[in-house]
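Chemist: Enclosed is the structure file work-v1.tsv (TSV, C-alpha atoms).
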chain	number	residue	atom	x	y	z
A	1	ALA	CA	14.93	-8.56	-7.75
A	2	GLN	CA	17.06	-5.47	-7.47
A	3	SER	CA	19.73	-6.04	-4.89
A	4	VAL	CA	23.21	-5.39	-3.60
A	5	SER	CA	25.45	-8.39	-3.00
A	6	GLN	CA	28.51	-8.67	-0.85
A	7	HIS	CA	29.80	-12.17	-1.29
A	8	ASN	CA	32.48	-12.09	1.40
A	9	HIS	CA	30.76	-12.23	4.77
A	10	HIS	CA	33.85	-12.68	6.92
A	11	VAL	CA	37.42	-11.87	5.97
A	12	ILE	CA	40.47	-12.39	8.16
A	13	LEU	CA	43.77	-10.83	7.13
A	14	SER	CA	47.15	-10.24	8.65
A	15	GLU	CA	48.46	-6.71	8.97
A	16	ALA	CA	50.03	-5.41	5.75
A	17	ALA	CA	48.04	-7.80	3.59
A	18	SER	CA	46.09	-6.41	0.67
A	19	LEU	CA	42.32	-6.19	0.82
A	20	GLU	CA	39.63	-6.49	-1.78
A	21	LEU	CA	35.96	-6.70	-0.84
A	22	GLY	CA	33.44	-7.45	-3.53
A	23	CYS	CA	30.20	-5.58	-4.19
A	24	ASN	CA	27.79	-6.25	-7.02
A	25	TYR	CA	24.45	-4.64	-7.72
A	26	SER	CA	21.62	-5.50	-10.03
A	27	TYR	CA	20.12	-2.09	-10.86
A	28	GLY	CA	20.11	-0.83	-14.41
A	29	GLY	CA	20.70	2.74	-15.39
A	30	THR	CA	22.65	5.37	-13.55
A	31	VAL	CA	23.52	4.51	-9.98
A	32	ASN	CA	25.45	6.15	-7.19
A	33	LEU	CA	27.67	3.86	-5.15
A	34	PHE	CA	28.97	4.07	-1.62
A	35	TRP	CA	31.10	2.19	0.84
A	36	TYR	CA	30.44	2.68	4.54
A	37	VAL	CA	32.46	1.41	7.48
A	38	GLN	CA	31.19	0.56	10.94
A	39	TYR	CA	33.82	0.24	13.64
A	40	PRO	CA	32.88	-1.88	16.66
A	41	GLY	CA	30.17	-0.19	18.68
A	42	GLN	CA	29.94	2.81	16.38
A	43	HIS	CA	27.63	4.10	13.69
A	44	LEU	CA	28.22	3.89	9.97
A	45	GLN	CA	30.66	6.34	8.44
A	46	LEU	CA	31.16	7.13	4.78
A	47	LEU	CA	34.42	5.75	3.34
A	48	LEU	CA	33.99	6.82	-0.26
A	49	LYS	CA	31.41	7.37	-2.94
A	50	TYR	CA	31.09	7.32	-6.71
A	51	PHE	CA	28.58	9.24	-8.77
A	52	SER	CA	30.36	10.16	-12.02
A	53	GLY	CA	33.73	10.68	-13.64
A	54	ASP	CA	36.83	8.65	-12.90
A	55	PRO	CA	35.70	5.12	-12.03
A	56	LEU	CA	38.57	4.76	-9.57
A	57	VAL	CA	37.53	6.54	-6.41
A	58	LYS	CA	39.82	7.30	-3.51
A	59	GLY	CA	38.43	7.59	-0.02
A	60	ILE	CA	39.63	8.12	3.49
A	61	LYS	CA	42.25	6.03	5.30
A	62	GLY	CA	43.85	4.75	2.10
A	63	PHE	CA	40.79	2.98	0.75
A	64	GLU	CA	39.81	3.06	-2.89
A	65	ALA	CA	37.10	1.49	-5.01
A	66	GLU	CA	36.69	0.84	-8.70
A	67	PHE	CA	33.39	1.11	-10.51
A	68	ILE	CA	33.17	-1.35	-13.39
A	69	LYS	CA	29.89	-0.68	-15.12
A	70	SER	CA	30.02	-3.73	-17.37
A	71	LYS	CA	30.35	-5.98	-14.33
A	72	PHE	CA	27.91	-4.05	-12.12
A	73	SER	CA	30.65	-4.02	-9.51
A	74	PHE	CA	32.15	-1.56	-7.05
A	75	ASN	CA	34.89	-3.42	-5.21
A	76	LEU	CA	36.69	-1.90	-2.25
A	77	ARG	CA	40.48	-2.16	-2.02
A	78	LYS	CA	43.30	-1.25	0.27
A	79	PRO	CA	46.93	-2.14	-0.51
A	80	SER	CA	48.02	-2.70	3.09
A	81	VAL	CA	45.54	-3.14	5.93
A	82	GLN	CA	46.11	-2.19	9.55
A	83	TRP	CA	44.75	-3.65	12.75
A	84	SER	CA	42.63	-0.51	13.11
A	85	ASP	CA	40.78	-1.42	9.90
A	86	THR	CA	38.96	-4.16	11.78
A	87	ALA	CA	35.33	-3.28	11.18
A	88	GLU	CA	32.25	-4.15	9.19
A	89	TYR	CA	32.07	-2.77	5.67
A	90	PHE	CA	28.86	-2.07	3.81
A	91	CYS	CA	28.36	-1.40	0.15
A	92	ALA	CA	25.33	0.72	-0.74
A	93	VAL	CA	23.64	1.72	-3.95
A	94	ARG	CA	21.39	4.65	-4.73
A	95	ALA	CA	19.31	3.54	-7.67
A	96	PRO	CA	17.35	5.88	-9.94
A	97	PRO	CA	14.27	7.21	-8.11
A	98	ILE	CA	11.99	5.74	-10.77
A	99	LEU	CA	13.08	2.30	-9.57
A	100	THR	CA	12.88	3.03	-5.86
A	101	GLY	CA	9.93	5.40	-5.60
A	102	GLY	CA	12.17	8.38	-4.89
A	103	GLY	CA	13.48	9.57	-1.58
A	104	ASN	CA	17.22	9.24	-2.19
A	105	LYS	CA	17.01	5.77	-0.71
A	106	LEU	CA	20.11	3.65	-0.35
A	107	THR	CA	20.02	-0.11	-0.52
A	108	PHE	CA	22.70	-1.76	1.56
A	109	GLY	CA	24.48	-5.02	1.14
A	110	THR	CA	24.60	-7.47	4.02
A	111	GLY	CA	28.06	-6.35	5.05
A	112	THR	CA	31.53	-7.88	5.28
A	113	GLN	CA	33.11	-8.35	8.66
A	114	LEU	CA	36.86	-7.71	8.39
A	115	LYS	CA	39.23	-8.81	11.10
A	116	VAL	CA	42.85	-7.78	10.85
A	117	GLU	CA	45.25	-9.77	12.98
A	118	LEU	CA	48.57	-8.51	14.27
B	1	ASN	CA	27.31	20.70	15.25
B	2	ALA	CA	25.76	17.52	16.66
B	3	GLY	CA	24.72	15.91	13.34
B	4	VAL	CA	22.19	13.15	13.95
B	5	THR	CA	21.25	12.36	17.54
B	6	GLN	CA	19.28	9.29	18.59
B	7	THR	CA	17.64	8.69	21.93
B	8	PRO	CA	17.66	6.44	23.82
B	9	LYS	CA	20.87	4.50	23.18
B	10	PHE	CA	19.67	1.32	24.87
B	11	ARG	CA	16.28	-0.01	25.84
B	12	VAL	CA	14.79	-3.29	27.03
B	13	LEU	CA	11.08	-3.81	26.47
B	14	LYS	CA	8.68	-6.54	27.41
B	15	THR	CA	6.58	-8.09	24.68
B	16	GLY	CA	3.53	-5.94	24.06
B	17	GLN	CA	4.98	-2.73	25.43
B	18	SER	CA	5.21	0.39	23.33
B	19	MET	CA	7.97	2.92	22.88
B	20	THR	CA	9.14	5.77	20.69
B	21	LEU	CA	12.63	6.30	19.36
B	22	LEU	CA	13.62	9.86	18.65
B	23	CYS	CA	15.92	11.05	15.90
B	24	ALA	CA	16.99	14.67	15.69
B	25	GLN	CA	19.22	16.32	13.08
B	26	ASP	CA	20.58	19.83	13.00
B	27	MET	CA	21.83	19.93	9.39
B	28	ASN	CA	18.57	21.10	7.81
B	29	HIS	CA	18.35	17.85	5.84
B	30	GLU	CA	15.13	17.22	3.99
B	31	TYR	CA	15.28	13.43	3.99
B	32	MET	CA	15.31	11.22	7.05
B	33	TYR	CA	15.34	7.44	7.38
B	34	TRP	CA	14.97	4.67	9.90
B	35	TYR	CA	16.92	1.46	9.37
B	36	ARG	CA	17.25	-1.67	11.42
B	37	GLN	CA	20.47	-3.66	11.48
B	38	ASP	CA	20.45	-7.38	12.12
B	39	PRO	CA	23.37	-9.83	11.92
B	40	GLY	CA	23.87	-11.18	8.42
B	41	MET	CA	21.11	-9.00	7.00
B	42	GLY	CA	22.78	-5.63	6.77
B	43	LEU	CA	20.63	-2.54	7.06
B	44	ARG	CA	17.01	-2.66	6.04
B	45	LEU	CA	14.88	0.43	5.55
B	46	ILE	CA	11.84	0.64	7.80
B	47	HIS	CA	10.33	4.02	6.93
B	48	TYR	CA	11.58	7.25	5.48
B	49	SER	CA	10.49	10.84	5.04
B	50	VAL	CA	11.16	13.26	2.21
B	51	GLY	CA	10.11	16.32	4.16
B	52	GLU	CA	8.21	17.70	7.08
B	53	GLY	CA	4.77	16.12	7.35
B	54	THR	CA	5.55	13.26	4.95
B	55	THR	CA	6.37	9.63	5.58
B	56	ALA	CA	6.66	6.54	3.40
B	57	LYS	CA	7.16	2.82	3.90
B	58	GLY	CA	10.45	1.17	3.32
B	59	GLU	CA	11.38	-2.47	2.99
B	60	VAL	CA	10.24	-3.71	6.44
B	61	PRO	CA	7.55	-1.34	7.77
B	62	ASP	CA	5.27	-3.81	9.56
B	63	GLY	CA	4.96	-3.23	13.29
B	64	TYR	CA	6.34	0.29	13.13
B	65	ASN	CA	4.90	3.75	12.72
B	66	VAL	CA	6.65	7.06	12.13
B	67	SER	CA	5.96	10.76	12.27
B	68	ARG	CA	7.78	13.84	10.98
B	69	LEU	CA	5.95	16.76	12.54
B	70	LYS	CA	9.06	18.94	12.52
B	71	LYS	CA	11.74	18.95	9.85
B	72	GLN	CA	14.49	18.20	12.33
B	73	ASN	CA	12.79	15.28	14.08
B	74	PHE	CA	11.80	11.81	12.90
B	75	LEU	CA	10.10	9.53	15.40
B	76	LEU	CA	9.87	5.76	15.17
B	77	GLY	CA	7.14	4.08	17.20
B	78	LEU	CA	6.57	0.50	18.21
B	79	GLU	CA	2.97	0.10	19.34
B	80	SER	CA	3.23	-3.48	20.59
B	81	ALA	CA	6.80	-4.72	20.71
B	82	ALA	CA	7.64	-8.26	19.63
B	83	PRO	CA	10.87	-10.25	20.12
B	84	SER	CA	11.40	-10.09	16.33
B	85	GLN	CA	11.92	-6.36	16.74
B	86	THR	CA	15.04	-6.92	18.80
B	87	SER	CA	17.62	-5.08	16.71
B	88	VAL	CA	19.87	-2.07	16.44
B	89	TYR	CA	18.02	0.88	14.97
B	90	PHE	CA	19.81	3.58	13.03
B	91	CYS	CA	18.44	6.89	11.96
B	92	ALA	CA	20.00	8.75	9.05
B	93	SER	CA	19.44	11.96	7.17
B	94	SER	CA	20.45	13.39	3.81
B	95	TYR	CA	20.00	16.38	1.56
B	96	LEU	CA	17.10	16.78	-0.82
B	97	SER	CA	19.33	17.29	-3.83
B	98	ASP	CA	19.37	14.70	-6.52
B	99	GLY	CA	23.13	14.60	-6.28
B	100	ALA	CA	25.01	11.64	-4.93
B	101	TYR	CA	25.03	12.58	-1.29
B	102	GLY	CA	25.43	9.91	1.24
B	103	TYR	CA	23.79	9.70	4.58
B	104	THR	CA	24.73	11.00	7.99
B	105	PHE	CA	23.97	8.32	10.56
B	106	GLY	CA	23.09	8.50	14.20
B	107	SER	CA	24.90	6.37	16.77
B	108	GLY	CA	22.09	3.81	16.99
B	109	THR	CA	19.60	2.47	19.51
B	110	ARG	CA	20.01	-1.07	20.74
B	111	LEU	CA	16.56	-2.47	21.50
B	112	THR	CA	15.91	-5.79	23.16
B	113	VAL	CA	12.39	-7.17	23.41
B	114	VAL	CA	11.97	-9.97	25.93
If you took the structure in this file and wrote it as structure tokens, what would it be?
Modeler:
Amino acid sequence: AQSVSQHNHHVILSEAASLELGCNYSYGGTVNLFWYVQYPGQHLQLLLKYFSGDPLVKGIKGFEAEFIKSKFSFNLRKPSVQWSDTAEYFCAVRAPPILTGGGNKLTFGTGTQLKVEL
Amino acid sequence: NAGVTQTPKFRVLKTGQSMTLLCAQDMNHEYMYWYRQDPGMGLRLIHYSVGEGTTAKGEVPDGYNVSRLKKQNFLLGLESAAPSQTSVYFCASSYLSDGAYGYTFGSGTRLTVV
């Protein structure tokens, strides 16, 4: 089945530690990839997105992600996390409409809860 | 510019009651979506709409109905609420373009069915 997998469900880091959150998808063909962040009690906000070009994408707040087509991966990274990065992170994939029935639909992973300790 | 507005923000229903969640967007987006968010399951698509007067089923449509009578509004209805529908509901909208646009999300509705 076509899916989006986030293998890390809960991650706890100390401030200044480096972060890498995994995201793998199973769709073939051209995909668009997104990372969203949800701070406690808030709605989802777009961190970064990839649709073509340089596979290393830089987003807001120092986050970046690398698209590796051969591995069907789009991992999120940040060199040095802050306490304010505590949030839930969702990877999402927009597969070709022929696979999804159209509608610009995004399929989300189950999310990774990140807790950054002081 | 309000973006995507959801009402209400919180609601408690008794089993069997009905209610409608309203989503309104002021960005002239063609596409609108209703997702539910449950712990450990991420966001799952309930229904979506690709334009005024159109609706389509998503991944988990059972027990829900939707309507898009006006381009800016997308309503989600629960005809007979069940405890399994306790969740946080998010509405989102996006452009029609085939480009890689992400969604704009509303702030969510926390629904509890007792």
Chemist: Counting all atoms listed in the file, figure out which residue out of B:Phe74, B:Ala81, B:Met27, B:Met19 gets nearest to His47 (chain B).
Modeler: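 That would be B:Phe74, the residue with the smallest distance to His47 (chain B).
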Chemist: With 8 Å as the limit and counting all atoms listed in the file, what residues in chain A lie close to chain B? Please list them as a compact mmCIF listing (two decimals) with C-alpha atoms, keeping the file's coordinate frame.
Modeler:
# COMPACT_ATOMS: atom_id res chain seq x y z
CA HIS A 9 30.76 -12.23 4.77
CA ASN A 32 25.45 6.15 -7.19
CA PHE A 34 28.97 4.07 -1.62
CA GLN A 42 29.94 2.81 16.38
CA HIS A 43 27.63 4.10 13.69
CA LEU A 44 28.22 3.89 9.97
CA GLN A 45 30.66 6.34 8.44
CA LEU A 46 31.16 7.13 4.78
CA LYS A 49 31.41 7.37 -2.94
CA TYR A 50 31.09 7.32 -6.71
CA PHE A 51 28.58 9.24 -8.77
CA PHE A 90 28.86 -2.07 3.81
CA ARG A 94 21.39 4.65 -4.73
CA GLY A 103 13.48 9.57 -1.58
CA ASN A 104 17.22 9.24 -2.19
CA THR A 107 20.02 -0.11 -0.52
CA PHE A 108 22.70 -1.76 1.56
CA GLY A 109 24.48 -5.02 1.14
CA THR A 110 24.60 -7.47 4.02
CA GLY A 111 28.06 -6.35 5.05
Chemist: One decimal, in Å: what's the spacing between CA of Phe74 (chain A) and CA of Asn8 (chain A)?
Modeler: 13.5 Å
Chemist: Which polymer residues have any atom within 12 Å of an atom of region 52-57 of chain A, counting all atoms listed in the file, with same-chain residues fewer than 2 positions away left out, as a PyMOL selection string?
Modeler: (chain A and resi 30-35+47-50+59-60+62-70+73-78) or (chain B and resi 99-100)
Chemist: Residues near Arg68 (chain B), anyone? I mean within 8 Å using all atoms listed in the file, not counting same-chain ones fewer than 3 positions away, as a list in words.
Modeler: Ser49, Gly51, Glu52, Gly53, Thr54, Thr55, Lys71, Asn73, Phe74 and Leu75 of chain B
Chemist: Could you state the separation of CA of Val114 (chain B) and CA of Leu78 (chain B) in Å, given to one decimal place?
Modeler: 14.1 Å
Chemist: So how many Å separate CA of Phe10 (chain B) and CA of Gly41 (chain A), to one decimal?
Modeler: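 Taking CA of Phe10 (chain B) and CA of Gly41 (chain A), their separation equals 12.3 Å.
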Chemist: Mind checking which residues fall within 8 Å of Tyr64 (chain B), counting all atoms listed in the file, ignoring those fewer than 6 positions away in the same chain, and posting them as a list in words?
Modeler: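 Answer for this query is Ile46, Leu76, Gly77, Leu78 and Glu79 of chain B.
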Chemist: Using all atoms listed in the file, can you list as an MDAnalysis selection string the residues within 6 Å of (44.8, -5.6, 0.2)?
Modeler: chainID A and resid 17:20 77:80
Chemist: Find, counting only C-alpha atoms, the residue in B:Gln17, B:Lys57, B:Leu69, B:Lys9 that gets nearest to Tyr35 (chain B).
Modeler: B:Lys57
Chemist: Quick one: axis-aligned box around all listed atoms of region 74-84 of chain B, 4 Å on every side, centre and edge lengths in Å to one decimal, written as lines of an AutoDock Vina configuration file.
Modeler:
center_x = 7.4
center_y = 0.8
center_z = 16.8
size_x = 16.8
size_y = 30.1
size_z = 15.8
Chemist: As an mmCIF file with C-alpha atoms, in the coordinates of the input, please: the residues near region 82-89 of chain A (cut-off 6 Å, only C-alpha atoms, same-chain neighbours under 6 positions excluded).
Modeler:
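Result written to around_6.cif:
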data_model
loop_
_atom_site.group_PDB
_atom_site.id
_atom_site.type_symbol
_atom_site.label_atom_id
_atom_site.label_comp_id
_atom_site.auth_asym_id
_atom_site.auth_seq_id
_atom_site.Cartn_x
_atom_site.Cartn_y
_atom_site.Cartn_z
ATOM 1 C CA GLU A 15 48.460 -6.710 8.970
ATOM 2 C CA TYR A 36 30.440 2.680 4.540
ATOM 3 C CA VAL A 37 32.460 1.410 7.480
ATOM 4 C CA GLN A 38 31.190 0.560 10.940
ATOM 5 C CA TYR A 39 33.820 0.240 13.640
ATOM 6 C CA GLY A 111 28.060 -6.350 5.050
ATOM 7 C CA THR A 112 31.530 -7.880 5.280
ATOM 8 C CA GLN A 113 33.110 -8.350 8.660
ATOM 9 C CA LEU A 114 36.860 -7.710 8.390
ATOM 10 C CA LYS A 115 39.230 -8.810 11.100
ATOM 11 C CA VAL A 116 42.850 -7.780 10.850
#
